[in-house]
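Asker: The structure under discussion is supplied below as structure tokens; questions concerning it will follow.
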Amino acid sequence: MVTFGATANSNPNKSFEVTPSPSDSISSLSFSPRADVLVATSWDNQVRCWEISRSGTSLSSAPKASISHDQPVLCSAWKDDGTTVFSGGCDKQAKMWPLLSGGQPVTVAVHDAPIVDMAWIPGMNLLVTGSWDKTLKYWDTRQQTPVHTQQLPDKCYSLSVKHPLLVVGTADRNLIVYNLQNPQARSFALLFLMFMTCTEFKRIVSPLKYQTRCVAAFPDQQGFLVGSIEGRVGVHHLDGSQQDKNFTFKCHRDGNDIYSVNALNFHPVHGTFATAGSDGAFHFWDKDNKQRLKVMSRCSQPITCSSFNHDGSIYAYASCYDWSKGAENHNPATAKSSIFLHLPEESEVKAKPKVTTSRK
């Protein structure tokens, strides 16, 4: 059984800690796609940014800037050019923060319920937001109204984009795949035409028996991962001829104790992936060879979110209370929220060559 609290090791993997740390639980981590700049959102209504510097095997962090929402912030995303940060949360709004230019944040999206996930779509120059109001909305940030609103079968829990693939996980274990065809739209008329051709490619019930926690599109757009609250991950290919490659596996468990899979992140170079869970651990996996590449030691608190930097040389993860055991089990004296940076070795994240044997 995993023991959380002051007696457990808060940093057993000897990772580098980002300071100063948020004052409440951390809901998302996002690295800039162009530089080692890290953004974190948290339940203290803040969006914080740090510049990460590396010298050999040493890392350091310098706080860069921060902005506030009116209520807890749940998600974040970067524009593909690394100039702008988006954040959304319980105030039902998404803000656009021109971080690189030092500009002030402006509201660019509104829902009828909290915004729980978001992504920038480079091929379309649009922001997509998913909400508990059972909609996806696509936003041209120059306009005050959404370009398109997509009704979902239930509350959005997670979404992931690798254009033209968009994967959405909702309540009731729905997984919806959209094909975002892009006719290089540069006008409202062409954007409207684009969404007329935007199709629901596939809808399935999750292969996992319990509530969806996170999804991640394959880097090659040929499928996706799905993680659940039951310590299990599903690997799903979209091509009908590849269905024999679909499988599920157990993870983030300790004997009879089962923990949620909170984050799935693909390595940007090697195509392997990381899982992070409420057991306080993160692991690296190779889906193609069905191998676990590295088992990391458990932290003293759950890992709620994680992110690779642009070249996969840094893996950031947040260790904090995840509220899965309610307010009555929250002890402010021991529930410090921390962001750690791990430097993955190549052997941890690069697929191992297959060993073949031949008979003489």
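Residue numbers start at 1 in each chain; chains themselves are named A, B, ... in the order of the structure tokens; ligands are numbered from 1 in the order shown.
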For range 308-314 of chain A, find every residue with an atom within 6 Å (counting only C-alpha atoms), except residues of its own chain fewer than 4 positions away, and show them as a list of chain:residue names.
Answerer: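 After dropping sequence-adjacent residues, the list is A:Phe31, A:Pro33, A:His267, A:Pro268, A:His342, A:Leu343.
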Asker: Range 58-62 of chain A: which residues within 9 Å, counting only C-alpha atoms, same-chain residues fewer than 5 positions away excluded, as a CSV table (one decimal) with N, CA, C and O atoms, in the first residue's frame?
Answerer:
```csv
chain,number,residue,atom,x,y,z
A,16,PHE,N,14.9,17.7,-10.0
A,16,PHE,CA,15.1,19.1,-9.7
A,16,PHE,C,13.8,19.8,-9.4
A,16,PHE,O,12.8,19.6,-10.2
A,17,GLU,N,13.7,20.5,-8.4
A,17,GLU,CA,12.5,21.2,-8.0
A,17,GLU,C,12.4,22.6,-8.6
A,17,GLU,O,13.3,23.4,-8.5
A,18,VAL,N,11.2,22.9,-9.1
A,18,VAL,CA,10.9,24.2,-9.6
A,18,VAL,C,10.4,25.1,-8.5
A,18,VAL,O,9.5,24.7,-7.8
A,19,THR,N,11.0,26.3,-8.4
A,19,THR,CA,10.6,27.2,-7.3
A,19,THR,C,10.4,28.6,-7.8
A,19,THR,O,11.0,29.0,-8.8
A,20,PRO,N,9.5,29.4,-7.1
A,20,PRO,CA,8.7,28.9,-6.0
A,20,PRO,C,7.5,28.1,-6.5
A,20,PRO,O,7.1,28.2,-7.7
A,49,CYS,N,4.6,30.9,-14.8
A,49,CYS,CA,5.6,30.6,-15.9
A,49,CYS,C,7.0,30.7,-15.3
A,49,CYS,O,7.4,31.6,-14.6
A,50,TRP,N,7.8,29.7,-15.7
A,50,TRP,CA,9.2,29.6,-15.3
A,50,TRP,C,10.1,29.4,-16.5
A,50,TRP,O,9.7,28.7,-17.5
A,51,GLU,N,11.3,30.0,-16.5
A,51,GLU,CA,12.3,29.7,-17.6
A,51,GLU,C,13.2,28.7,-17.0
A,51,GLU,O,13.8,28.9,-15.9
A,52,ILE,N,13.4,27.6,-17.7
A,52,ILE,CA,14.2,26.5,-17.2
A,52,ILE,C,15.6,26.6,-18.0
A,52,ILE,O,15.6,26.7,-19.2
A,53,SER,N,16.7,26.6,-17.2
A,53,SER,CA,18.0,26.6,-17.7
A,53,SER,C,18.7,25.3,-17.4
A,53,SER,O,18.6,24.7,-16.3
A,341,LEU,N,11.5,18.3,-12.1
A,341,LEU,CA,12.0,18.1,-13.5
A,341,LEU,C,13.0,16.9,-13.5
A,341,LEU,O,13.9,16.9,-12.7
A,343,LEU,N,15.5,14.4,-15.8
A,343,LEU,CA,16.3,14.4,-17.1
A,343,LEU,C,16.3,12.9,-17.5
A,343,LEU,O,17.1,12.1,-17.0
```
Asker: I need the residues in range 118-347 of chain A that are strand (DSSP E) according to DSSP; give them as a PyMOL selection string.
Answerer: chain A and resi 118-121+126-131+135-139+148-151+156-162+165-170+174-179+199-205+212-217+223-228+232-237+247-250+253-254+257-258+261-266+273-277+282-286+291-295+303-308+315-319+338-342
Asker: Kindly indicate which residue among A:Val85, A:Leu152, A:Leu293, A:Val261 lies nearest to Asp322 in chain A, using only C-alpha atoms for the distances.
Answerer: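 Of all the options, A:Val261 lies closest to Asp322 in chain A.
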Asker: Find the residues around range 324-335 of chain A up to 12 Å (only C-alpha atoms counted), leave out those fewer than 3 positions away in its own chain, and share them as an mmCIF file with all heavy atoms, in the first residue's frame.
Answerer:
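As written to disk, out16.cif reads:
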```cif
data_model
loop_
_atom_site.group_PDB
_atom_site.id
_atom_site.type_symbol
_atom_site.label_atom_id
_atom_site.label_comp_id
_atom_site.auth_asym_id
_atom_site.auth_seq_id
_atom_site.Cartn_x
_atom_site.Cartn_y
_atom_site.Cartn_z
ATOM 1 N N PHE A 4 1.181 7.948 1.868
ATOM 2 C CA PHE A 4 1.391 9.360 1.604
ATOM 3 C C PHE A 4 1.514 10.096 2.928
ATOM 4 O O PHE A 4 0.863 9.750 3.913
ATOM 5 C CB PHE A 4 0.215 9.949 0.808
ATOM 6 C CG PHE A 4 0.099 9.382 -0.577
ATOM 7 C CD1 PHE A 4 -1.107 8.857 -1.024
ATOM 8 C CD2 PHE A 4 1.180 9.367 -1.433
ATOM 9 C CE1 PHE A 4 -1.228 8.344 -2.302
ATOM 10 C CE2 PHE A 4 1.078 8.859 -2.718
ATOM 11 C CZ PHE A 4 -0.120 8.341 -3.145
ATOM 12 N N GLY A 5 2.316 11.132 2.933
ATOM 13 C CA GLY A 5 2.443 11.924 4.156
ATOM 14 C C GLY A 5 3.870 12.360 4.398
ATOM 15 O O GLY A 5 4.768 12.171 3.580
ATOM 16 N N ALA A 6 4.085 12.943 5.556
ATOM 17 C CA ALA A 6 5.375 13.550 5.870
ATOM 18 C C ALA A 6 6.494 12.526 5.967
ATOM 19 O O ALA A 6 7.663 12.841 5.757
ATOM 20 C CB ALA A 6 5.260 14.346 7.168
ATOM 21 N N THR A 7 6.169 11.253 6.331
ATOM 22 C CA THR A 7 7.217 10.258 6.522
ATOM 23 C C THR A 7 7.727 9.714 5.198
ATOM 24 O O THR A 7 8.803 9.123 5.147
ATOM 25 C CB THR A 7 6.678 9.094 7.377
ATOM 26 O OG1 THR A 7 5.534 8.520 6.724
ATOM 27 C CG2 THR A 7 6.277 9.586 8.761
ATOM 28 N N ALA A 8 6.979 9.872 4.116
ATOM 29 C CA ALA A 8 7.394 9.346 2.823
ATOM 30 C C ALA A 8 8.331 10.339 2.145
ATOM 31 O O ALA A 8 8.384 11.521 2.476
ATOM 32 C CB ALA A 8 6.169 9.079 1.951
ATOM 33 N N ASN A 9 9.094 9.841 1.177
ATOM 34 C CA ASN A 9 10.061 10.669 0.457
ATOM 35 C C ASN A 9 9.343 11.477 -0.610
ATOM 36 O O ASN A 9 8.726 10.914 -1.519
ATOM 37 C CB ASN A 9 11.127 9.772 -0.174
ATOM 38 C CG ASN A 9 12.291 10.572 -0.732
ATOM 39 O OD1 ASN A 9 12.196 11.781 -0.933
ATOM 40 N ND2 ASN A 9 13.386 9.883 -0.998
ATOM 41 N N SER A 10 9.431 12.793 -0.537
ATOM 42 C CA SER A 10 8.734 13.649 -1.500
ATOM 43 C C SER A 10 9.445 13.705 -2.840
ATOM 44 O O SER A 10 8.840 14.065 -3.848
ATOM 45 C CB SER A 10 8.595 15.070 -0.925
ATOM 46 O OG SER A 10 9.880 15.638 -0.717
ATOM 47 N N PRO A 22 3.552 26.474 -6.571
ATOM 48 C CA PRO A 22 2.186 26.961 -6.347
ATOM 49 C C PRO A 22 1.713 26.648 -4.932
ATOM 50 O O PRO A 22 2.176 25.700 -4.292
ATOM 51 C CB PRO A 22 1.369 26.205 -7.391
ATOM 52 C CG PRO A 22 2.350 25.880 -8.476
ATOM 53 C CD PRO A 22 3.640 25.605 -7.755
ATOM 54 N N SER A 23 0.765 27.437 -4.453
ATOM 55 C CA SER A 23 0.280 27.283 -3.075
ATOM 56 C C SER A 23 -0.875 26.297 -2.951
ATOM 57 O O SER A 23 -1.355 26.048 -1.846
ATOM 58 C CB SER A 23 -0.157 28.648 -2.524
ATOM 59 O OG SER A 23 -1.202 29.196 -3.315
ATOM 60 N N ASP A 24 -1.331 25.755 -4.075
ATOM 61 C CA ASP A 24 -2.412 24.763 -4.048
ATOM 62 C C ASP A 24 -2.138 23.718 -5.130
ATOM 63 O O ASP A 24 -1.160 23.828 -5.891
ATOM 64 C CB ASP A 24 -3.768 25.445 -4.264
ATOM 65 C CG ASP A 24 -4.925 24.659 -3.654
ATOM 66 O OD1 ASP A 24 -4.768 23.443 -3.420
ATOM 67 O OD2 ASP A 24 -5.995 25.256 -3.410
ATOM 68 N N SER A 25 -2.999 22.716 -5.225
ATOM 69 C CA SER A 25 -2.782 21.605 -6.149
ATOM 70 C C SER A 25 -2.639 22.079 -7.591
ATOM 71 O O SER A 25 -3.296 23.026 -8.031
ATOM 72 C CB SER A 25 -3.943 20.612 -6.044
ATOM 73 O OG SER A 25 -3.970 20.026 -4.764
ATOM 74 N N ILE A 26 -1.773 21.384 -8.331
ATOM 75 C CA ILE A 26 -1.421 21.756 -9.697
ATOM 76 C C ILE A 26 -2.258 20.929 -10.667
ATOM 77 O O ILE A 26 -2.319 19.698 -10.556
ATOM 78 C CB ILE A 26 0.086 21.533 -9.933
ATOM 79 C CG1 ILE A 26 0.891 22.384 -8.942
ATOM 80 C CG2 ILE A 26 0.476 21.858 -11.372
ATOM 81 C CD1 ILE A 26 2.232 21.810 -8.589
ATOM 82 N N ILE A 229 -9.400 5.830 -14.310
ATOM 83 C CA ILE A 229 -9.224 5.935 -12.861
ATOM 84 C C ILE A 229 -8.912 4.584 -12.232
ATOM 85 O O ILE A 229 -8.618 4.507 -11.041
ATOM 86 C CB ILE A 229 -10.483 6.530 -12.193
ATOM 87 C CG1 ILE A 229 -11.693 5.614 -12.424
ATOM 88 C CG2 ILE A 229 -10.767 7.932 -12.710
ATOM 89 C CD1 ILE A 229 -12.920 6.005 -11.615
ATOM 90 N N TYR A 259 -4.838 2.888 -8.498
ATOM 91 C CA TYR A 259 -4.767 4.347 -8.562
ATOM 92 C C TYR A 259 -5.052 4.851 -9.977
ATOM 93 O O TYR A 259 -4.819 4.161 -10.969
ATOM 94 C CB TYR A 259 -3.383 4.828 -8.101
ATOM 95 C CG TYR A 259 -3.076 4.465 -6.677
ATOM 96 C CD1 TYR A 259 -2.505 3.230 -6.369
ATOM 97 C CD2 TYR A 259 -3.390 5.325 -5.634
ATOM 98 C CE1 TYR A 259 -2.236 2.878 -5.055
ATOM 99 C CE2 TYR A 259 -3.125 4.983 -4.314
ATOM 100 C CZ TYR A 259 -2.551 3.758 -4.033
ATOM 101 O OH TYR A 259 -2.293 3.407 -2.725
ATOM 102 N N SER A 260 -5.519 6.073 -10.049
ATOM 103 C CA SER A 260 -5.864 6.691 -11.320
ATOM 104 C C SER A 260 -4.618 6.973 -12.163
ATOM 105 O O SER A 260 -3.564 7.336 -11.642
ATOM 106 C CB SER A 260 -6.604 8.010 -11.056
ATOM 107 O OG SER A 260 -6.802 8.728 -12.247
ATOM 108 N N ASN A 262 -3.327 9.670 -14.363
ATOM 109 C CA ASN A 262 -3.687 11.083 -14.486
ATOM 110 C C ASN A 262 -3.120 11.770 -15.716
ATOM 111 O O ASN A 262 -3.631 12.831 -16.111
ATOM 112 C CB ASN A 262 -3.220 11.845 -13.240
ATOM 113 C CG ASN A 262 -3.961 11.419 -11.995
ATOM 114 O OD1 ASN A 262 -5.137 11.059 -12.051
ATOM 115 N ND2 ASN A 262 -3.279 11.446 -10.856
ATOM 116 N N GLY A 277 0.601 8.787 -12.273
ATOM 117 C CA GLY A 277 -0.604 8.374 -11.568
ATOM 118 C C GLY A 277 -0.708 8.843 -10.140
ATOM 119 O O GLY A 277 0.216 9.425 -9.560
ATOM 120 N N SER A 278 -1.860 8.546 -9.559
ATOM 121 C CA SER A 278 -2.149 8.948 -8.181
ATOM 122 C C SER A 278 -1.426 8.091 -7.150
ATOM 123 O O SER A 278 -1.539 8.342 -5.947
ATOM 124 C CB SER A 278 -3.665 8.904 -7.926
ATOM 125 O OG SER A 278 -4.294 9.993 -8.560
ATOM 126 N N ASP A 279 -0.681 7.089 -7.612
ATOM 127 C CA ASP A 279 0.183 6.341 -6.701
ATOM 128 C C ASP A 279 1.484 7.092 -6.436
ATOM 129 O O ASP A 279 2.311 6.645 -5.642
ATOM 130 C CB ASP A 279 0.480 4.951 -7.251
ATOM 131 C CG ASP A 279 1.183 4.988 -8.599
ATOM 132 O OD1 ASP A 279 1.113 6.041 -9.280
ATOM 133 O OD2 ASP A 279 1.784 3.976 -8.987
ATOM 134 N N SER A 300 5.847 11.032 -2.489
ATOM 135 C CA SER A 300 5.022 10.981 -1.284
ATOM 136 C C SER A 300 3.592 11.446 -1.527
ATOM 137 O O SER A 300 2.735 11.300 -0.654
ATOM 138 C CB SER A 300 5.650 11.843 -0.187
ATOM 139 O OG SER A 300 5.761 13.189 -0.626
ATOM 140 N N GLN A 301 3.313 12.011 -2.710
ATOM 141 C CA GLN A 301 1.960 12.449 -3.047
ATOM 142 C C GLN A 301 1.635 12.040 -4.487
ATOM 143 O O GLN A 301 2.542 11.713 -5.257
ATOM 144 C CB GLN A 301 1.835 13.975 -2.906
ATOM 145 C CG GLN A 301 1.983 14.480 -1.495
ATOM 146 C CD GLN A 301 1.569 15.940 -1.397
ATOM 147 O OE1 GLN A 301 0.438 16.253 -1.048
ATOM 148 N NE2 GLN A 301 2.482 16.835 -1.709
ATOM 149 N N PRO A 302 0.363 12.073 -4.860
ATOM 150 C CA PRO A 302 -0.012 11.746 -6.237
ATOM 151 C C PRO A 302 0.660 12.668 -7.253
ATOM 152 O O PRO A 302 0.997 13.818 -6.947
ATOM 153 C CB PRO A 302 -1.532 11.956 -6.244
ATOM 154 C CG PRO A 302 -1.951 11.782 -4.820
ATOM 155 C CD PRO A 302 -0.818 12.316 -3.995
ATOM 156 N N ILE A 303 0.867 12.156 -8.458
ATOM 157 C CA ILE A 303 1.301 12.987 -9.578
ATOM 158 C C ILE A 303 0.058 13.314 -10.392
ATOM 159 O O ILE A 303 -0.611 12.415 -10.904
ATOM 160 C CB ILE A 303 2.360 12.289 -10.439
ATOM 161 C CG1 ILE A 303 3.612 12.031 -9.603
ATOM 162 C CG2 ILE A 303 2.702 13.130 -11.669
ATOM 163 C CD1 ILE A 303 4.706 11.292 -10.340
ATOM 164 N N THR A 304 -0.259 14.589 -10.487
ATOM 165 C CA THR A 304 -1.530 15.007 -11.098
ATOM 166 C C THR A 304 -1.410 15.355 -12.576
ATOM 167 O O THR A 304 -2.397 15.302 -13.296
ATOM 168 C CB THR A 304 -2.085 16.233 -10.352
ATOM 169 O OG1 THR A 304 -1.086 17.260 -10.330
ATOM 170 C CG2 THR A 304 -2.480 15.866 -8.927
ATOM 171 N N SER A 319 3.686 16.971 -8.165
ATOM 172 C CA SER A 319 3.372 16.118 -7.025
ATOM 173 C C SER A 319 2.562 16.931 -6.022
ATOM 174 O O SER A 319 3.052 17.911 -5.466
ATOM 175 C CB SER A 319 4.670 15.601 -6.386
ATOM 176 O OG SER A 319 4.404 14.897 -5.191
ATOM 177 N N CYS A 320 1.316 16.520 -5.811
ATOM 178 C CA CYS A 320 0.429 17.283 -4.925
ATOM 179 C C CYS A 320 -0.819 16.459 -4.612
ATOM 180 O O CYS A 320 -1.031 15.396 -5.197
ATOM 181 C CB CYS A 320 0.031 18.617 -5.567
ATOM 182 S SG CYS A 320 -0.700 18.460 -7.212
ATOM 183 N N TYR A 321 -1.627 16.956 -3.707
ATOM 184 C CA TYR A 321 -2.862 16.261 -3.374
ATOM 185 C C TYR A 321 -3.826 16.326 -4.553
ATOM 186 O O TYR A 321 -3.991 17.380 -5.177
ATOM 187 C CB TYR A 321 -3.511 16.888 -2.130
ATOM 188 C CG TYR A 321 -4.696 16.112 -1.610
ATOM 189 C CD1 TYR A 321 -4.568 14.764 -1.287
ATOM 190 C CD2 TYR A 321 -5.943 16.716 -1.447
ATOM 191 C CE1 TYR A 321 -5.656 14.035 -0.814
ATOM 192 C CE2 TYR A 321 -7.031 15.993 -0.967
ATOM 193 C CZ TYR A 321 -6.878 14.652 -0.655
ATOM 194 O OH TYR A 321 -7.957 13.935 -0.196
ATOM 195 N N SER A 338 4.357 20.491 -5.397
ATOM 196 C CA SER A 338 5.705 20.632 -5.950
ATOM 197 C C SER A 338 5.714 20.299 -7.433
ATOM 198 O O SER A 338 4.960 19.439 -7.895
ATOM 199 C CB SER A 338 6.689 19.698 -5.223
ATOM 200 O OG SER A 338 6.731 19.968 -3.840
#
```
Asker: One number please: CA of Asn45 in chain A to CA of Ile67 in chain A, in Å, one decimal.
Answerer: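 Between CA of Asn45 in chain A and CA of Ile67 in chain A the gap is 8.6 Å.
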Asker: Between A:Thr145, A:Gly231, A:Asp44, A:Tyr315, which is the closest to Gly255 in chain A once you count only C-alpha atoms?
Answerer: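 Among the listed residues, A:Gly231 lies closest to Gly255 in chain A.
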Asker: Give me, please, the distance in Å between CA of Pro98 in chain A and CA of Ser66 in chain A, quoted to one decimal.
Answerer: 11.6 Å
Asker: Find, counting only C-alpha atoms, the residue in A:Lys64, A:His270, A:Arg34, A:His69 that gets nearest to Asp220 in chain A.
Answerer: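 Ranking A:Lys64, A:His270, A:Arg34, A:His69 by distance to Asp220 in chain A, first place goes to A:His270.
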Asker: Please provide as a list in words all residues within 6 Å of range 130-140 of chain A, with the sequence filter that same-chain residues fewer than 6 positions apart are discarded (counting only C-alpha atoms).
Answerer: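 Final neighbour list, sorted by chain and number: Asp112, Ala113, Pro114, Ile115, Val116, Asp117, Pro146, Val147, His148, Thr149, Gln150, Gln151, Leu152, Asp154, Lys155 and Cys156 of chain A.
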Asker: Which residues are close to Thr272 in chain A, i.e. within 10 Å by only C-alpha atoms, leaving aside same-chain residues fewer than 6 positions away? Reply as an MDAnalysis selection string.
Answerer: chainID A and resid 218:219 265:266 284:289 291:293 348:351
Asker: Write out the residues from the selection above, keeping N, CA, C and O atoms, as a compact mmCIF listing (two decimals), in the first residue's frame.
Answerer:
```
# COMPACT_ATOMS: atom_id res chain seq x y z
N PHE A 218 -1.77 9.53 -30.90
CA PHE A 218 -0.46 9.08 -31.35
C PHE A 218 0.23 10.21 -32.14
O PHE A 218 -0.43 10.94 -32.88
N PRO A 219 1.54 10.33 -32.05
CA PRO A 219 2.25 11.33 -32.85
C PRO A 219 2.05 11.16 -34.36
O PRO A 219 2.07 12.15 -35.10
N ASN A 265 1.80 11.21 -21.84
CA ASN A 265 2.60 12.12 -22.66
C ASN A 265 3.51 11.34 -23.58
O ASN A 265 4.30 10.51 -23.12
N PHE A 266 3.43 11.62 -24.88
CA PHE A 266 4.33 10.99 -25.83
C PHE A 266 5.66 11.74 -25.86
O PHE A 266 5.70 12.97 -25.81
N PHE A 284 7.88 4.98 -17.98
CA PHE A 284 8.04 5.15 -19.42
C PHE A 284 7.76 3.82 -20.12
O PHE A 284 8.18 2.76 -19.65
N TRP A 285 7.07 3.91 -21.29
CA TRP A 285 6.56 2.72 -21.98
C TRP A 285 6.83 2.78 -23.48
O TRP A 285 6.91 3.85 -24.06
N ASP A 286 6.90 1.60 -24.08
CA ASP A 286 7.00 1.44 -25.53
C ASP A 286 5.77 0.64 -25.98
O ASP A 286 5.69 -0.56 -25.73
N LYS A 287 4.81 1.32 -26.60
CA LYS A 287 3.56 0.65 -26.98
C LYS A 287 3.76 -0.37 -28.10
O LYS A 287 3.06 -1.39 -28.15
N ASP A 288 4.70 -0.08 -29.02
CA ASP A 288 4.86 -0.95 -30.17
C ASP A 288 5.42 -2.31 -29.78
O ASP A 288 5.07 -3.34 -30.38
N ASN A 289 6.30 -2.32 -28.79
CA ASN A 289 6.87 -3.59 -28.31
C ASN A 289 6.24 -4.06 -27.01
O ASN A 289 6.69 -5.06 -26.44
N GLN A 291 6.31 -2.88 -23.96
CA GLN A 291 7.31 -2.97 -22.89
C GLN A 291 7.24 -1.76 -21.97
O GLN A 291 6.96 -0.64 -22.42
N ARG A 292 7.50 -2.00 -20.71
CA ARG A 292 7.75 -0.90 -19.79
C ARG A 292 9.25 -0.67 -19.78
O ARG A 292 10.03 -1.57 -19.46
N LEU A 293 9.65 0.54 -20.13
CA LEU A 293 11.07 0.84 -20.28
C LEU A 293 11.74 1.20 -18.97
O LEU A 293 12.91 0.91 -18.76
N GLU A 348 15.86 5.14 -20.89
CA GLU A 348 14.54 5.20 -20.25
C GLU A 348 13.42 5.47 -21.25
O GLU A 348 12.28 5.08 -21.02
N VAL A 349 13.75 6.16 -22.35
CA VAL A 349 12.70 6.64 -23.25
C VAL A 349 12.85 6.17 -24.69
O VAL A 349 11.98 6.44 -25.53
N LYS A 350 13.94 5.49 -25.01
CA LYS A 350 14.13 4.99 -26.38
C LYS A 350 13.79 3.52 -26.43
O LYS A 350 14.20 2.74 -25.57
N ALA A 351 12.99 3.15 -27.45
CA ALA A 351 12.58 1.76 -27.59
C ALA A 351 13.80 0.85 -27.71
O ALA A 351 14.77 1.18 -28.40
```
Asker: Which residues come within 9 Å of range 168-178 of chain A, counting only C-alpha atoms, excluding same-chain residues fewer than 6 positions away, as a ChimeraX atom specification?
Answerer: /A:130,132,134,152-161,198-215,226
Asker: When you draw a straight line from CA of Ser15 in chain A to CA of Phe340 in chain A, how long is it in Å?
Answerer: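 Computing it gives 5.7 Å between the two atoms.
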